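Enquirer: The following file, data33.cif, comprises mmCIF, C-alpha atoms and all ligand atoms:
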data_upload
loop_
_atom_site.label_atom_id
_atom_site.label_comp_id
_atom_site.auth_asym_id
_atom_site.auth_seq_id
_atom_site.Cartn_x
_atom_site.Cartn_y
_atom_site.Cartn_z
CA MET A 1 5.09 3.94 -29.94
CA THR A 2 6.80 6.95 -31.62
CA THR A 3 8.42 9.71 -29.60
CA THR A 4 5.61 12.13 -30.55
CA GLU A 5 2.97 9.63 -29.43
CA THR A 6 4.80 9.12 -26.15
CA VAL A 7 5.02 12.87 -25.53
CA THR A 8 1.32 13.31 -26.37
CA ARG A 9 0.44 10.47 -24.01
CA PHE A 10 2.44 11.99 -21.16
CA LYS A 11 0.88 15.42 -21.77
CA LYS A 12 -2.55 13.85 -21.34
CA LEU A 13 -1.64 12.29 -18.00
CA PRO A 14 -3.13 14.07 -14.99
CA LYS A 15 -0.66 16.29 -13.15
CA VAL A 16 -0.33 14.61 -9.82
CA THR A 17 1.40 17.64 -8.33
CA GLN A 18 -2.03 19.30 -8.15
CA TYR A 19 -2.65 17.16 -5.06
CA TYR A 20 0.50 18.30 -3.24
CA LYS A 21 -0.24 20.41 -0.17
CA ASN A 22 3.34 21.47 0.47
CA GLU A 23 6.96 20.92 -0.47
CA ASP A 24 8.68 17.62 0.31
CA GLN A 25 9.01 17.24 4.08
CA PHE A 26 11.73 14.58 3.77
CA THR A 27 15.38 15.40 3.18
CA PRO A 28 17.44 13.63 0.52
CA GLY A 29 19.70 10.81 1.67
CA VAL A 30 17.15 8.83 3.66
CA ALA A 31 18.00 5.23 4.55
CA PHE A 32 15.94 3.20 2.07
CA CYS A 33 17.61 0.83 -0.40
CA SER A 34 17.97 2.37 -3.82
CA GLY A 35 14.91 1.72 -5.98
CA CYS A 36 12.68 1.03 -2.97
CA THR A 37 9.09 2.11 -3.59
CA LEU A 38 8.70 2.71 0.13
CA GLU A 39 10.58 5.98 -0.24
CA HIS A 40 8.29 7.11 -3.04
CA ASN A 41 5.32 5.99 -0.97
CA VAL A 42 6.13 7.86 2.23
CA ARG A 43 7.13 11.07 0.42
CA PHE A 44 3.91 10.95 -1.58
CA VAL A 45 1.71 10.36 1.46
CA SER A 46 3.42 13.27 3.19
CA ARG A 47 2.93 15.63 0.26
CA VAL A 48 -0.72 14.75 -0.33
CA LEU A 49 -1.87 14.54 3.29
CA GLY A 50 0.11 17.65 4.15
CA LYS A 51 2.81 18.60 6.59
CA ASP A 52 0.51 18.54 9.62
CA ALA A 53 -0.02 14.78 9.32
CA ILE A 54 1.33 12.98 12.38
CA PHE A 55 2.98 9.66 11.58
CA VAL A 56 2.84 6.66 13.90
CA GLY A 57 5.46 4.14 12.80
CA THR A 58 6.81 0.78 13.94
CA PRO A 59 10.06 -1.21 13.72
CA SER A 60 10.35 -1.92 9.99
CA CYS A 61 12.13 -0.65 6.88
CA SER A 62 10.40 2.70 7.33
CA ALA A 63 11.62 3.08 10.93
CA PRO A 64 15.18 4.28 10.18
CA VAL A 65 13.65 7.06 8.09
CA LEU A 66 10.67 7.97 10.27
CA ASN A 67 12.71 7.70 13.49
CA GLY A 68 15.60 9.62 11.98
CA ALA A 69 18.46 7.16 12.25
CA ASN A 70 20.75 9.37 10.21
CA ASP A 71 22.31 12.59 11.48
CA GLY A 72 21.44 14.75 8.50
CA ALA A 73 18.53 12.94 6.88
CA TRP A 74 15.10 13.13 8.44
CA HIS A 75 11.72 14.80 7.97
CA ARG A 76 9.68 17.64 9.45
CA HIS A 77 6.57 15.69 10.48
CA ALA A 78 5.54 15.07 14.05
CA HIS A 79 6.16 11.37 14.58
CA TYR A 80 5.57 8.74 17.24
CA ALA A 81 7.82 5.66 17.16
CA CYS A 82 5.70 2.81 18.42
CA THR A 83 5.86 -0.95 19.00
CA MET A 84 4.63 -3.32 16.32
CA THR A 85 1.89 -4.58 18.63
CA GLY A 86 0.68 -1.18 19.78
CA VAL A 87 0.46 1.03 16.72
CA ALA A 88 -3.31 1.24 16.29
CA SER A 89 -3.84 1.61 20.05
CA SER A 90 -1.20 4.34 20.34
CA ALA A 91 -2.73 6.18 17.40
CA THR A 92 -6.10 5.90 19.12
CA GLY A 93 -4.68 7.52 22.25
CA LEU A 94 -3.05 10.31 20.28
CA ARG A 95 -6.21 11.09 18.34
CA ARG A 96 -8.37 11.08 21.45
CA ALA A 97 -5.94 13.39 23.24
CA PHE A 98 -6.16 15.87 20.38
CA LEU A 99 -9.95 15.60 20.30
CA LYS A 100 -10.12 16.22 24.05
CA ALA A 101 -7.98 19.31 23.57
CA GLY A 102 -10.40 20.47 20.88
CA LYS A 103 -7.78 20.17 18.14
CA ASP A 104 -8.05 18.54 14.76
CA ALA A 105 -5.23 16.17 13.80
CA THR A 106 -4.55 13.77 10.98
CA ILE A 107 -3.02 10.70 12.61
CA VAL A 108 -1.49 8.27 10.14
CA CYS A 109 -0.29 4.79 11.08
CA PHE A 110 2.30 3.81 8.48
CA THR A 111 3.30 0.16 8.79
CA GLY A 112 4.44 -2.86 6.82
CA ASP A 113 2.27 -5.88 6.09
CA GLY A 114 3.96 -7.89 8.85
CA CYS A 115 2.73 -5.39 11.40
CA ALA A 116 -0.69 -4.78 9.90
CA MET A 117 -1.53 -8.33 8.91
CA ASP A 118 0.16 -10.36 11.68
CA VAL A 119 1.88 -8.77 14.67
CA GLY A 120 -0.37 -5.71 15.05
CA PHE A 121 -3.53 -7.15 13.55
CA GLN A 122 -5.63 -7.48 16.70
CA PRO A 123 -5.23 -3.80 17.77
CA LEU A 124 -5.81 -2.75 14.16
CA SER A 125 -9.02 -4.74 13.94
CA GLY A 126 -10.08 -3.41 17.34
CA ALA A 127 -9.45 0.21 16.37
CA ALA A 128 -11.42 -0.29 13.16
CA GLU A 129 -14.30 -1.87 15.06
CA ARG A 130 -14.30 1.11 17.48
CA ASN A 131 -14.27 3.35 14.39
CA GLU A 132 -11.38 5.45 15.70
CA LYS A 133 -10.78 8.62 13.70
CA ILE A 134 -7.42 7.62 12.25
CA ILE A 135 -5.84 6.65 8.94
CA TYR A 136 -4.02 3.33 8.76
CA ILE A 137 -1.74 2.84 5.75
CA CYS A 138 -0.32 -0.63 5.25
CA TYR A 139 2.56 -0.55 2.79
CA ASP A 140 2.55 -4.11 1.54
CA ASN A 141 6.00 -5.36 0.55
CA GLU A 142 4.79 -8.91 1.10
CA GLY A 143 7.10 -9.90 3.92
CA TYR A 144 9.13 -8.95 6.99
CA MET A 145 11.74 -7.15 4.93
CA ASN A 146 13.68 -5.27 7.58
CA THR A 147 14.57 -8.39 9.57
CA GLY A 148 15.69 -10.53 6.64
CA ILE A 149 12.86 -11.15 4.18
CA GLN A 150 10.84 -13.64 6.23
CA ARG A 151 7.37 -14.63 5.06
CA SER A 152 4.38 -12.81 6.50
CA SER A 153 0.69 -13.46 5.91
CA GLY A 154 1.07 -10.90 3.11
CA THR A 155 3.52 -13.16 1.26
CA PRO A 156 1.84 -14.66 -1.80
CA LEU A 157 1.46 -18.28 -2.79
CA GLY A 158 4.70 -19.77 -4.13
CA ALA A 159 6.97 -16.84 -3.22
CA SER A 160 10.48 -17.64 -2.10
CA THR A 161 11.53 -15.93 1.15
CA SER A 162 14.17 -16.70 3.77
CA THR A 163 11.61 -18.81 5.66
CA THR A 164 9.87 -20.33 2.61
CA GLN A 165 12.94 -21.37 0.69
CA VAL A 166 13.12 -23.19 -2.60
CA GLY A 167 14.95 -26.52 -2.32
CA SER A 168 14.50 -30.19 -1.59
CA THR A 169 11.92 -29.56 1.17
CA GLY A 170 9.91 -26.71 -0.28
CA GLN A 171 9.04 -24.64 -3.32
CA GLY A 172 8.19 -21.28 -1.80
CA LYS A 173 5.20 -20.38 0.35
CA SER A 174 2.61 -23.14 0.37
CA THR A 175 -0.39 -20.96 1.24
CA GLY A 176 -1.79 -17.77 -0.26
CA SER A 177 -1.71 -14.26 1.18
CA LYS A 178 -4.36 -12.91 3.50
CA ASN A 179 -6.76 -10.76 1.49
CA MET A 180 -6.20 -7.91 3.91
CA PRO A 181 -8.00 -4.98 2.23
CA MET A 182 -11.08 -7.18 1.90
CA VAL A 183 -10.76 -8.22 5.56
CA MET A 184 -10.68 -4.55 6.52
CA ALA A 185 -13.62 -3.70 4.25
CA MET A 186 -15.66 -6.27 6.19
CA HIS A 187 -15.15 -4.07 9.28
CA ASP A 188 -17.74 -1.68 7.80
CA ILE A 189 -15.58 1.41 8.25
CA PRO A 190 -16.05 4.66 6.32
CA PHE A 191 -13.29 4.11 3.78
CA VAL A 192 -11.08 1.25 2.57
CA ALA A 193 -9.01 1.39 -0.60
CA THR A 194 -6.10 -0.19 -2.42
CA ALA A 195 -3.42 1.86 -4.18
CA THR A 196 -0.01 1.61 -5.75
CA LEU A 197 2.83 3.78 -7.02
CA SER A 198 2.24 3.34 -10.76
CA HIS A 199 -1.20 4.97 -10.45
CA LEU A 200 -0.48 8.12 -8.47
CA ASP A 201 -3.58 10.04 -9.50
CA ASP A 202 -5.70 7.21 -8.13
CA TYR A 203 -3.60 7.07 -4.94
CA ALA A 204 -3.78 10.85 -4.43
CA LYS A 205 -7.57 10.91 -4.73
CA LYS A 206 -7.79 8.17 -2.13
CA LEU A 207 -5.44 10.03 0.23
CA ASP A 208 -7.60 13.14 -0.13
CA LYS A 209 -10.67 11.09 0.75
CA ALA A 210 -8.77 9.51 3.64
CA ARG A 211 -8.02 12.95 5.09
CA GLU A 212 -11.71 13.86 4.98
CA PHE A 213 -13.18 10.53 6.07
CA CYS A 214 -10.87 10.11 9.07
CA LYS A 215 -12.77 13.00 10.69
CA GLU A 216 -15.70 10.62 10.75
CA GLY A 217 -14.02 7.30 11.51
CA PHE A 218 -11.47 4.67 10.60
CA VAL A 219 -9.76 4.69 7.20
CA TYR A 220 -7.63 1.83 5.86
CA LEU A 221 -5.41 2.08 2.77
CA HIS A 222 -3.55 -0.97 1.46
CA VAL A 223 -0.65 0.05 -0.77
CA PHE A 224 1.23 -2.42 -2.99
CA THR A 225 4.86 -1.40 -2.39
CA PRO A 226 7.50 -3.56 -4.13
CA CYS A 227 10.78 -4.29 -2.35
CA ASN A 228 13.48 -4.76 -4.95
CA VAL A 229 15.86 -6.46 -2.50
CA GLY A 230 13.40 -9.06 -1.20
CA TRP A 231 11.58 -9.55 -4.49
CA LYS A 232 14.85 -9.75 -6.43
CA THR A 233 14.15 -7.13 -9.04
CA PRO A 234 16.42 -4.51 -10.63
CA THR A 235 16.36 -1.12 -8.91
CA ASP A 236 14.74 0.54 -11.92
CA ALA A 237 11.89 -1.99 -12.29
CA SER A 238 9.73 -1.14 -9.27
CA ILE A 239 7.11 0.99 -11.01
CA GLU A 240 6.85 -1.48 -13.87
CA VAL A 241 6.18 -4.15 -11.24
CA CYS A 242 3.37 -2.02 -9.72
CA ARG A 243 1.84 -1.54 -13.16
CA ALA A 244 2.03 -5.26 -13.94
CA ALA A 245 0.34 -6.08 -10.62
CA VAL A 246 -2.61 -3.88 -11.60
CA LYS A 247 -2.80 -5.09 -15.22
CA THR A 248 -2.82 -8.76 -14.19
CA ASN A 249 -5.56 -8.18 -11.56
CA TYR A 250 -3.06 -9.45 -8.99
CA PHE A 251 -3.53 -6.13 -7.24
CA PRO A 252 -6.75 -4.49 -8.49
CA LEU A 253 -7.42 -0.86 -7.60
CA TRP A 254 -10.71 -0.41 -5.79
CA GLU A 255 -12.34 1.43 -2.93
CA ALA A 256 -15.20 0.84 -0.54
CA ASP A 257 -16.71 4.21 0.33
CA HIS A 258 -19.14 3.62 3.19
CA GLY A 259 -19.54 0.05 2.01
CA ARG A 260 -20.07 0.94 -1.63
CA PHE A 261 -17.47 -1.00 -3.57
CA ARG A 262 -16.18 0.21 -6.91
CA MET A 263 -13.20 -0.40 -9.12
CA THR A 264 -11.25 2.83 -9.49
CA TYR A 265 -9.26 1.52 -12.41
CA LYS A 266 -10.28 -1.22 -14.78
CA THR A 267 -7.97 -3.16 -17.05
CA LYS A 268 -10.00 -4.03 -20.14
CA LYS A 269 -8.02 -7.15 -20.95
CA PRO A 270 -6.32 -8.52 -17.84
CA HIS A 271 -2.86 -9.88 -18.54
CA PRO A 272 -1.88 -13.36 -17.29
CA VAL A 273 -0.32 -13.31 -13.82
CA GLU A 274 2.89 -14.57 -15.43
CA ASP A 275 3.40 -11.02 -16.77
CA LEU A 276 4.00 -10.08 -13.13
CA THR A 277 5.75 -13.18 -11.80
CA SER A 278 8.27 -13.17 -14.68
CA LEU A 279 9.52 -9.80 -13.42
CA LEU A 280 10.23 -11.05 -9.90
CA GLY A 281 13.15 -13.24 -8.84
CA LYS A 282 11.15 -14.52 -5.89
CA PHE A 283 8.87 -16.35 -8.35
CA LYS A 284 11.46 -17.55 -10.82
CA HIS A 285 11.18 -21.21 -9.69
CA LEU A 286 7.41 -21.43 -10.32
CA ASP A 287 6.39 -24.31 -12.58
CA GLY A 288 3.20 -24.54 -14.65
CA ALA A 289 1.11 -26.02 -11.82
CA GLN A 290 2.21 -23.35 -9.32
CA LEU A 291 1.50 -20.59 -11.82
CA ALA A 292 -1.93 -22.04 -12.49
CA ALA A 293 -2.66 -22.14 -8.75
CA LEU A 294 -1.65 -18.49 -8.36
CA GLN A 295 -3.70 -17.51 -11.41
CA ALA A 296 -6.72 -19.35 -9.98
CA GLN A 297 -6.42 -17.44 -6.74
CA VAL A 298 -6.09 -14.11 -8.55
CA ASP A 299 -9.19 -14.93 -10.65
CA LYS A 300 -11.21 -16.06 -7.65
CA ARG A 301 -10.43 -12.92 -5.65
CA PHE A 302 -11.20 -10.73 -8.61
CA HIS A 303 -14.60 -12.40 -9.10
CA VAL A 304 -15.46 -11.77 -5.45
CA LEU A 305 -14.41 -8.14 -5.84
CA GLN A 306 -16.38 -7.70 -9.04
CA SER A 307 -19.49 -9.08 -7.42
CA LEU A 308 -19.14 -6.50 -4.63
CA CYS A 309 -18.66 -3.61 -7.02
CA ALA A 310 -21.90 -1.90 -7.76
CA GLY A 311 -20.93 0.99 -9.94
CA PHE A 312 -18.84 2.62 -12.54
CA THR A 313 -15.15 2.27 -13.43
CA GLU A 314 -12.44 4.60 -14.61
CA GLY A 315 -9.24 4.12 -16.58
CA GLU A 316 -8.45 2.23 -19.74
C1 LIG A 401 6.44 -7.66 18.59
C2 LIG A 401 7.67 -7.63 17.71
N1 LIG A 401 8.01 -8.74 17.03
C3 LIG A 401 9.09 -8.72 16.24
C4 LIG A 401 9.84 -7.60 16.12
C5 LIG A 401 11.10 -7.62 15.28
N2 LIG A 401 10.94 -6.88 14.05
C6 LIG A 401 11.47 -5.64 13.89
S1 LIG A 401 11.22 -4.99 12.37
C7 LIG A 401 10.40 -6.40 11.88
C8 LIG A 401 9.90 -6.54 10.46
C9 LIG A 401 8.65 -5.78 10.25
O1 LIG A 401 8.02 -6.19 9.05
P1 LIG A 401 6.91 -5.32 8.38
O2 LIG A 401 5.97 -4.79 9.39
O3 LIG A 401 6.33 -6.09 7.27
O4 LIG A 401 7.73 -4.07 7.80
P2 LIG A 401 8.95 -4.08 6.76
O5 LIG A 401 10.17 -4.52 7.51
O6 LIG A 401 8.60 -5.01 5.66
O7 LIG A 401 9.05 -2.66 6.31
C10 LIG A 401 10.32 -7.33 12.90
C11 LIG A 401 9.70 -8.67 12.81
C12 LIG A 401 9.46 -6.45 16.85
N3 LIG A 401 10.13 -5.30 16.76
N4 LIG A 401 8.37 -6.49 17.62
S1 LIG A 402 14.62 -4.15 2.16
FE1 LIG A 402 13.06 -3.76 0.57
S2 LIG A 402 11.40 -2.59 1.58
FE2 LIG A 402 13.23 -2.51 2.89
S3 LIG A 402 14.24 -0.56 2.33
FE3 LIG A 402 15.19 -2.22 1.12
S4 LIG A 402 14.03 -2.30 -0.85
FE4 LIG A 402 12.82 -1.12 0.66
#
Could the structure of this file be written out as structure tokens, please?

Expert:
Amino acid sequence: MTTTETVTRFKKLPKVTQYYKNEDQFTPGVAFCSGCTLEHNVRFVSRVLGKDAIFVGTPSCSAPVLNGANDGAWHRHAHYACTMTGVASSATGLRRAFLKAGKDATIVCFTGDGCAMDVGFQPLSGAAERNEKIIYICYDNEGYMNTGIQRSSGTPLGASTSTTQVGSTGQGKSTGSKNMPMVMAMHDIPFVATATLSHLDDYAKKLDKAREFCKEGFVYLHVFTPCNVGWKTPTDASIEVCRAAVKTNYFPLWEADHGRFRMTYKTKKPHPVEDLTSLLGKFKHLDGAQLAALQAQVDKRFHVLQSLCAGFTEGE
């Protein structure tokens, strides 16, 4: 692509700043690893949901930032630091207290996949079933990253972690990841969506919907959020990894708006999953058979999703 073509292409891209409600509420110098998409994620959520959003966080990589572990680096949001087991229940209590006081409030649980998919799953499922008026954002970095890159039920098939090591007794995780956004969609809540950091326009639209729909009931967003330390990628590769996850259908972008499924971005010619795995050190040991097994799982999940999607698609 020539420089002129690149410039023209960028000019055509939607200006994501149109969704910003206010200036950045986070200071520079927060305690994420360099290149971590979690920083981009939390700043973006804050800007699009607005400065009145109240965060409910748990012990995790986001905790040092949300809790304000540094003297001079923090944020201006109201925030409740919660246990991993209690996040959805605590958010329920907060929301109900505001409702009782006759006040509107956007309560946002912001947790890793270990919390959402394992440790805090039962209260999350319960809050969804009760249709509590809260937003739950799971930033999926596919493992317990803050405590040493252990496998979670978000860790994909074949991935190497500190508890699914590659060696004489194992070749990475032997089972696939839990299809969490689909599990949440089966709770029949007002809004469920997937998102990632390479497709910010798509993510912003879903955050705007989340802010509206949480007045009516439970909203769940599942955000693919690469961890360059745990996934063994260069610090400047994170967004490319997000893009590859979408283009390979490993992480398709979709939403279920009151049970109506639709793809929000469609890749005309899906790339082989190897286009993603080749970028990630945690998959570098995969042989042909393991790659085929991962590809088969990606294809199977995508077929299920396609069959649920009734309507139109956007994107290339
Ligand atoms: C009930 C409970 N179990 C275990 C821990 C220890 N712990 C603290 S942070 C953490 C990792 C959390 O992983 P995840 O939710 O995926 O977030 P990430 O670290 O990836 O950001 C764990 C297991 C805890 N705080 N509470
Ligand atoms: S360990 Fe991973 S998820 Fe945690 S702050 Fe570092 S790069 Fe981000």

Enquirer: Counting all atoms listed in the file, figure out which residue out of A:Lys12, A:Lys266, A:His40, A:Arg76 gets nearest to Tyr139 of chain A.

Expert: A:His40

Enquirer: Show me which residues sit within 10 Å of ligand LIG 402 (chain A) when counting only C-alpha atoms and all ligand atoms, and put them as a PyMOL selection string.

Expert: chain A and resi 30-39+60-65+112+139-149+225-233+235+238

Enquirer: Keeping only C-alpha atoms, write those residues as a PDB file, in the coordinates of the input.

Expert:
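As written to disk, selection.pdb reads:
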ATOM      1  CA  VAL A  30      17.150   8.830   3.660  1.00  0.00           C
ATOM      2  CA  ALA A  31      18.000   5.230   4.550  1.00  0.00           C
ATOM      3  CA  PHE A  32      15.940   3.200   2.070  1.00  0.00           C
ATOM      4  CA  CYS A  33      17.610   0.830  -0.400  1.00  0.00           C
ATOM      5  CA  SER A  34      17.970   2.370  -3.820  1.00  0.00           C
ATOM      6  CA  GLY A  35      14.910   1.720  -5.980  1.00  0.00           C
ATOM      7  CA  CYS A  36      12.680   1.030  -2.970  1.00  0.00           C
ATOM      8  CA  THR A  37       9.090   2.110  -3.590  1.00  0.00           C
ATOM      9  CA  LEU A  38       8.700   2.710   0.130  1.00  0.00           C
ATOM     10  CA  GLU A  39      10.580   5.980  -0.240  1.00  0.00           C
ATOM     11  CA  SER A  60      10.350  -1.920   9.990  1.00  0.00           C
ATOM     12  CA  CYS A  61      12.130  -0.650   6.880  1.00  0.00           C
ATOM     13  CA  SER A  62      10.400   2.700   7.330  1.00  0.00           C
ATOM     14  CA  ALA A  63      11.620   3.080  10.930  1.00  0.00           C
ATOM     15  CA  PRO A  64      15.180   4.280  10.180  1.00  0.00           C
ATOM     16  CA  VAL A  65      13.650   7.060   8.090  1.00  0.00           C
ATOM     17  CA  GLY A 112       4.440  -2.860   6.820  1.00  0.00           C
ATOM     18  CA  TYR A 139       2.560  -0.550   2.790  1.00  0.00           C
ATOM     19  CA  ASP A 140       2.550  -4.110   1.540  1.00  0.00           C
ATOM     20  CA  ASN A 141       6.000  -5.360   0.550  1.00  0.00           C
ATOM     21  CA  GLU A 142       4.790  -8.910   1.100  1.00  0.00           C
ATOM     22  CA  GLY A 143       7.100  -9.900   3.920  1.00  0.00           C
ATOM     23  CA  TYR A 144       9.130  -8.950   6.990  1.00  0.00           C
ATOM     24  CA  MET A 145      11.740  -7.150   4.930  1.00  0.00           C
ATOM     25  CA  ASN A 146      13.680  -5.270   7.580  1.00  0.00           C
ATOM     26  CA  THR A 147      14.570  -8.390   9.570  1.00  0.00           C
ATOM     27  CA  GLY A 148      15.690 -10.530   6.640  1.00  0.00           C
ATOM     28  CA  ILE A 149      12.860 -11.150   4.180  1.00  0.00           C
ATOM     29  CA  THR A 225       4.860  -1.400  -2.390  1.00  0.00           C
ATOM     30  CA  PRO A 226       7.500  -3.560  -4.130  1.00  0.00           C
ATOM     31  CA  CYS A 227      10.780  -4.290  -2.350  1.00  0.00           C
ATOM     32  CA  ASN A 228      13.480  -4.760  -4.950  1.00  0.00           C
ATOM     33  CA  VAL A 229      15.860  -6.460  -2.500  1.00  0.00           C
ATOM     34  CA  GLY A 230      13.400  -9.060  -1.200  1.00  0.00           C
ATOM     35  CA  TRP A 231      11.580  -9.550  -4.490  1.00  0.00           C
ATOM     36  CA  LYS A 232      14.850  -9.750  -6.430  1.00  0.00           C
ATOM     37  CA  THR A 233      14.150  -7.130  -9.040  1.00  0.00           C
ATOM     38  CA  THR A 235      16.360  -1.120  -8.910  1.00  0.00           C
ATOM     39  CA  SER A 238       9.730  -1.140  -9.270  1.00  0.00           C
TER      40      SER A 238
END

Enquirer: Rounded to one decimal place, report the atom CA of Asp188 of chain A-atom CA of Ile135 of chain A distance in Å.

Expert: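 It comes out at 14.6 Å.
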
Enquirer: Leaving out Ser153 of chain A and any residue of its chain fewer than 4 positions from it, which residues lie within 7 Å of it when counting all atoms listed in the file, given as a PDB file with C-alpha atoms, in the coordinates of the input?

Expert:
ATOM      1  CA  MET A 117      -1.530  -8.330   8.910  1.00  0.00           C
ATOM      2  CA  ASP A 118       0.160 -10.360  11.680  1.00  0.00           C
ATOM      3  CA  SER A 177      -1.710 -14.260   1.180  1.00  0.00           C
ATOM      4  CA  LYS A 178      -4.360 -12.910   3.500  1.00  0.00           C
TER       5      LYS A 178
END

Enquirer: Report the distance between atom CA of Arg243 of chain A and atom CA of Gln295 of chain A in Å, rounded to one decimal place.

Expert: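 Computing it gives 17.0 Å between the two atoms.
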
Enquirer: Tell me which protein, DNA and RNA residues are within 8 Å of Gly259 of chain A, counting only C-alpha atoms, leaving out same-chain ones fewer than 2 positions away, and put them as a PyMOL selection string.

Expert: chain A and resi 185+188-191+256-257+261

Enquirer: Please save C-alpha atoms of the selected residues as a PDB file, keeping the file's coordinate frame.

Expert:
ATOM      1  CA  ALA A 185     -13.620  -3.700   4.250  1.00  0.00           C
ATOM      2  CA  ASP A 188     -17.740  -1.680   7.800  1.00  0.00           C
ATOM      3  CA  ILE A 189     -15.580   1.410   8.250  1.00  0.00           C
ATOM      4  CA  PRO A 190     -16.050   4.660   6.320  1.00  0.00           C
ATOM      5  CA  PHE A 191     -13.290   4.110   3.780  1.00  0.00           C
ATOM      6  CA  ALA A 256     -15.200   0.840  -0.540  1.00  0.00           C
ATOM      7  CA  ASP A 257     -16.710   4.210   0.330  1.00  0.00           C
ATOM      8  CA  PHE A 261     -17.470  -1.000  -3.570  1.00  0.00           C
TER       9      PHE A 261
END

Enquirer: In Å to one decimal, how far is atom CA of Pro14 of chain A from atom CA of Lys269 of chain A?

Expert: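 So the two atoms, atom CA of Lys269 of chain A and atom CA of Pro14 of chain A, lie 22.6 Å apart.
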
Enquirer: Check the smallest atom-to-atom distance from each of A:Val119, A:Ala159, A:Val48, A:Cys214 to Arg95 of chain A using all atoms listed in the file, then report the winner.

Expert: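 Looking at the shortest contact to Arg95 of chain A, the residue is A:Cys214.
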
Enquirer: Taking all atoms listed in the file into account, name the residue in A:Arg211, A:His303, A:Arg151, A:Lys133 that is nearest to ligand LIG 401 (chain A).

Expert: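 Nearest candidate to ligand LIG 401 (chain A) out of A:Arg211, A:His303, A:Arg151, A:Lys133: A:Arg151.
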
Enquirer: Compare A:Ser168, A:Asn22, A:Asn179, A:Asn41 by their minimum atom-to-atom distance to ligand LIG 401 (chain A), counting all atoms listed in the file, and give me the closest one.

Expert: A:Asn41
